[in-house]
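Report on the structure given below.
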Amino acid sequence: MKPWVELGRTKTPDGGDVRLKQRDDEYSIVVDGVELMSSRVHGSEGSGGGRLRGSGRAQKPSVLVGGLGMGFTLRAALDLLPADASVTVAELVPEVAEWNRGPLGPLAGDPWRIGASI
Amino acid sequence: MRRAATGAPDQRLAHFTFLTDHLRGVLRQAVTPDDQKRRADGGLSLFHRQRRSADQQWLSVEDELRYVRIFFELGVTWYVTYNRRNRLGDGCAETANGGLSDFGRAAVTEMNRVGVIVDVAHSGWQTSLEAAKQSSKPMVASHTTCGGIYPHIRSKPDEVIRAIADTDGYVGICCIPRFLRRSGDIAALIDHLEYAVKKFGAERVAIGTDTAYTSQYAAAESRKIPPRAKQRERFASLWPEDDFQTTAAMNESVAWTNWPLFTVGMVQRGFKDDQIRKILGGNVLRVARAALA
């Protein structure tokens, strides 16, 4: 069995223990010993975004994404919204944003570089 | 020989006690301190379903109605009916569309008195109309679709949605591609939300996914487990036959993990922020508070 390697550790504002782990090309964020999200299990975000593309009518839409996670939802939102859209991400845990600028970034194609403010 | 009380109240109570015990912390964080004060135990009704109400071991109206209070204390809301007919009324799959029974009317009145939210998501259309007429508190169809877009038996036609709206309730749009129709995906979900908002107002609309997340590895993982013996005919067998093909992409696009994208979809269609807030949870809280008042 391949062991998990801990890449980072921090706390939530209410004291929860948050850890970023890696095993081969798989990443996992674990909170208080329970897996919150895994890079292995995603796909709905891209599928949802793809199927919404082109269905919008709003002018200069403004979207707030609550929580960065591994960036998949942000990526989907950026991909489907028009170029004049404003996208802001609210992330309570600064280290999660840092992890997205580091090892997690490539998972969703570094969406924070595209034009969202975090 | 009659099966040994499968789904009998005591077994269902044990199941829901287990469930609500585990969710208690989650529920506490979903409501305000004022809401919690309304309940001596600090809980709030869980939007879960009592699917087979009062259909076995019948003793008397009074005896059966006491379970309304018991389930309420456990934090569980009741369906009026599931898909089939029961003593309260006809479910949505019953072709007779027979409406609410005398006992059903008594049950709705008891739910109102106790503080249980009346939910007609799986009820027949006539049952839903009569429950709305009977209910003195806001009522819901927690996970359904707009029959005005596609009239599946699990949908609610405009007449029923109007009746629910008139109770100050809401309809939750579910994420089942077969019921949504059109593209069967997140765009279809937004179509239903938009239809309901335009026709009945944002105060009358919510999202009631009715689906669990299924990972892209679920099918492969399931194949590793030996198949279980068939226990009973699936309820879906009651759905009218059609040639609609649900795809994995449809299901993925409406997975509850895409809740943020549901919001983005509404923004794209031009929904206002206050409308979106109501749809994402404000209406559910309004009805819950009215039920507890």
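In the structure tokens, each chain is lettered A, B, ... as it comes, each chain's residues begin at 1, and ligands are numbered from 1 in order of appearance.
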
So which residues touch Arg51 in chain A within 9 Å, counting only C-alpha atoms, skipping near sequence neighbours fewer than 5 positions away, as a compact mmCIF listing (two decimals) with N, CA and C atoms, in the first residue's frame?
```txt
# COMPACT_ATOMS: atom_id res chain seq x y z
N GLY A 46 -16.84 20.01 -14.00
CA GLY A 46 -16.61 20.25 -15.42
C GLY A 46 -17.83 19.93 -16.26
N LEU A 80 -17.35 28.88 -17.89
CA LEU A 80 -18.69 29.04 -18.47
C LEU A 80 -19.16 30.50 -18.49
N SER B 183 -32.93 18.84 -21.81
CA SER B 183 -31.57 18.33 -21.90
C SER B 183 -31.23 17.40 -20.73
N ASP B 185 -30.18 17.93 -17.85
CA ASP B 185 -28.95 18.29 -17.15
C ASP B 185 -29.13 19.57 -16.34
N ILE B 186 -28.03 20.17 -15.98
CA ILE B 186 -28.08 21.37 -15.15
C ILE B 186 -28.82 22.52 -15.85
N ALA B 187 -28.74 22.57 -17.16
CA ALA B 187 -29.48 23.61 -17.90
C ALA B 187 -30.99 23.37 -17.77
N ALA B 249 -23.25 11.96 -17.95
CA ALA B 249 -22.96 13.40 -18.01
C ALA B 249 -24.13 14.21 -17.45
N MET B 250 -25.36 13.77 -17.73
CA MET B 250 -26.53 14.46 -17.16
C MET B 250 -26.47 14.39 -15.63
N SER B 253 -23.77 16.51 -14.08
CA SER B 253 -23.98 17.96 -14.15
C SER B 253 -24.96 18.45 -13.08
```

Contacts of Met111 in chain B at 9 Å or less, counting only C-alpha atoms, minus same-chain residues fewer than 4 places along, as a PyMOL selection string? chain B and resi 65+68-69+72+77-78+106-107+115-118+135+291

Keeping only C-alpha atoms, write the selected residues to a file as an mmCIF file, in the first residue's frame.
```
data_model
loop_
_atom_site.group_PDB
_atom_site.id
_atom_site.type_symbol
_atom_site.label_atom_id
_atom_site.label_comp_id
_atom_site.auth_asym_id
_atom_site.auth_seq_id
_atom_site.Cartn_x
_atom_site.Cartn_y
_atom_site.Cartn_z
ATOM 1 C CA LEU B 65 -51.733 9.795 14.596
ATOM 2 C CA VAL B 68 -46.832 12.215 14.017
ATOM 3 C CA ARG B 69 -45.692 13.547 17.383
ATOM 4 C CA PHE B 72 -41.577 15.098 15.089
ATOM 5 C CA THR B 77 -40.993 15.281 8.537
ATOM 6 C CA TRP B 78 -43.654 13.225 6.878
ATOM 7 C CA ALA B 106 -56.850 14.138 10.017
ATOM 8 C CA ALA B 107 -53.146 13.462 9.557
ATOM 9 C CA GLY B 115 -45.287 21.292 13.750
ATOM 10 C CA VAL B 116 -44.481 18.743 11.057
ATOM 11 C CA ILE B 117 -44.086 20.093 7.529
ATOM 12 C CA VAL B 118 -46.550 18.507 5.132
ATOM 13 C CA SER B 135 -53.258 22.450 5.558
ATOM 14 C CA ALA B 291 -44.178 25.035 10.931
#
```

Using only C-alpha atoms and a cut-off of 8 Å, which residues of chain A sit close to chain B? Please list them as a PyMOL selection string. chain A and resi 41-49+51-52+55-58+61-63+65-66+73+76-77+81

Please provide as a ChimeraX atom specification all residues within 8 Å of Ile149 in chain B, with the sequence filter that same-chain residues fewer than 5 positions apart are discarded (counting only C-alpha atoms). /B:180,192,195

Would you mind exporting N, CA and C atoms of the selected residues as a compact mmCIF listing (two decimals), in the first residue's frame?
```
# COMPACT_ATOMS: atom_id res chain seq x y z
N LEU B 180 -36.77 15.95 -15.17
CA LEU B 180 -36.51 17.30 -15.69
C LEU B 180 -36.80 17.39 -17.19
N HIS B 192 -36.32 24.73 -15.13
CA HIS B 192 -37.44 24.53 -14.20
C HIS B 192 -37.47 25.64 -13.14
N TYR B 195 -38.81 28.72 -14.83
CA TYR B 195 -40.25 28.60 -15.10
C TYR B 195 -41.04 28.88 -13.82
```

Run DSSP on the backbone and tell me which residues of range 37-254 of chain B come out as strand (DSSP E); list them as a list in words. Trp78, Tyr79, Val118, Asp119, Val140, Ala141, Ser142, His143, Thr144, Thr145, Cys146, Ser155, Lys156, Tyr170, Val171, Gly172, Ile173, Val205, Ala206 and Ile207 of chain B

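Between CA of Ser39 in chain A and CA of Gln245 in chain B there is a distance of 28.8 Å.
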
What lies within 8 Å of Val31 in chain A using only C-alpha atoms, ignoring chain neighbours under 6 positions off, as a list in words? Gly16, Asp17, Val18 and Arg19 of chain A

Would you save the residues from that selection as a JSON list (two decimals), in the first residue's frame, using N, CA and C atoms?
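That gives us selection-v2.json:
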```json
[["chain", "number", "residue", "atom", "x", "y", "z"],
["A", 16, "GLY", "N", -10.57, 23.44, 13.64],
["A", 16, "GLY", "CA", -10.47, 22.13, 12.99],
["A", 16, "GLY", "C", -9.09, 21.90, 12.40],
["A", 17, "ASP", "N", -8.67, 20.65, 12.43],
["A", 17, "ASP", "CA", -7.35, 20.27, 11.92],
["A", 17, "ASP", "C", -7.45, 19.96, 10.42],
["A", 18, "VAL", "N", -6.75, 20.73, 9.60],
["A", 18, "VAL", "CA", -6.81, 20.57, 8.14],
["A", 18, "VAL", "C", -5.47, 20.09, 7.63],
["A", 19, "ARG", "N", -5.49, 19.02, 6.85],
["A", 19, "ARG", "CA", -4.23, 18.50, 6.31],
["A", 19, "ARG", "C", -4.35, 18.27, 4.80]]
```

Can you list, as a ChimeraX atom specification, every protein, DNA or RNA residue that comes within 9 Å of Asn83 in chain B when you count only C-alpha atoms, leaving out same-chain residues fewer than 5 positions away? /B:51,90-94,122-124,154,235,238

What's the 7 Å shell around Asp84 in chain A, counting only C-alpha atoms, without same-chain residues fewer than 2 positions away, as a PDB file with C-alpha atoms, in the first residue's frame?
```pdb
ATOM      1  CA  LYS A  60     -21.509  41.406 -16.758  1.00  0.00           C
ATOM      2  CA  PRO A  82     -18.479  35.414 -20.189  1.00  0.00           C
ATOM      3  CA  SER A  86     -16.515  39.220 -12.183  1.00  0.00           C
TER       4      SER A  86
END
```

Computed interatomic separation between CA of Ile279 in chain B and CA of Arg204 in chain B (Å):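 Interatomic distance, CA of Ile279 in chain B to CA of Arg204 in chain B: 8.1 Å.
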
Can you measure CA of Pro106 in chain A to CA of Ala218 in chain B for me? One decimal in Å is fine.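 Separation of CA of Pro106 in chain A and CA of Ala218 in chain B: 24.9 Å.
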
Let's see if you can do this: from backbone DSSP, list all alpha helix (DSSP H) residues in chain A, as a list in words. Ser44, Glu45, Gly46, Ser47, Gly48, Gly49, Gly50, Arg51, Leu52, Phe72, Thr73, Leu74, Arg75, Ala76, Ala77, Leu78, Asp79, Leu80, Pro94, Glu95, Val96, Ala97, Glu98, Trp99, Asn100 and Arg101 of chain A
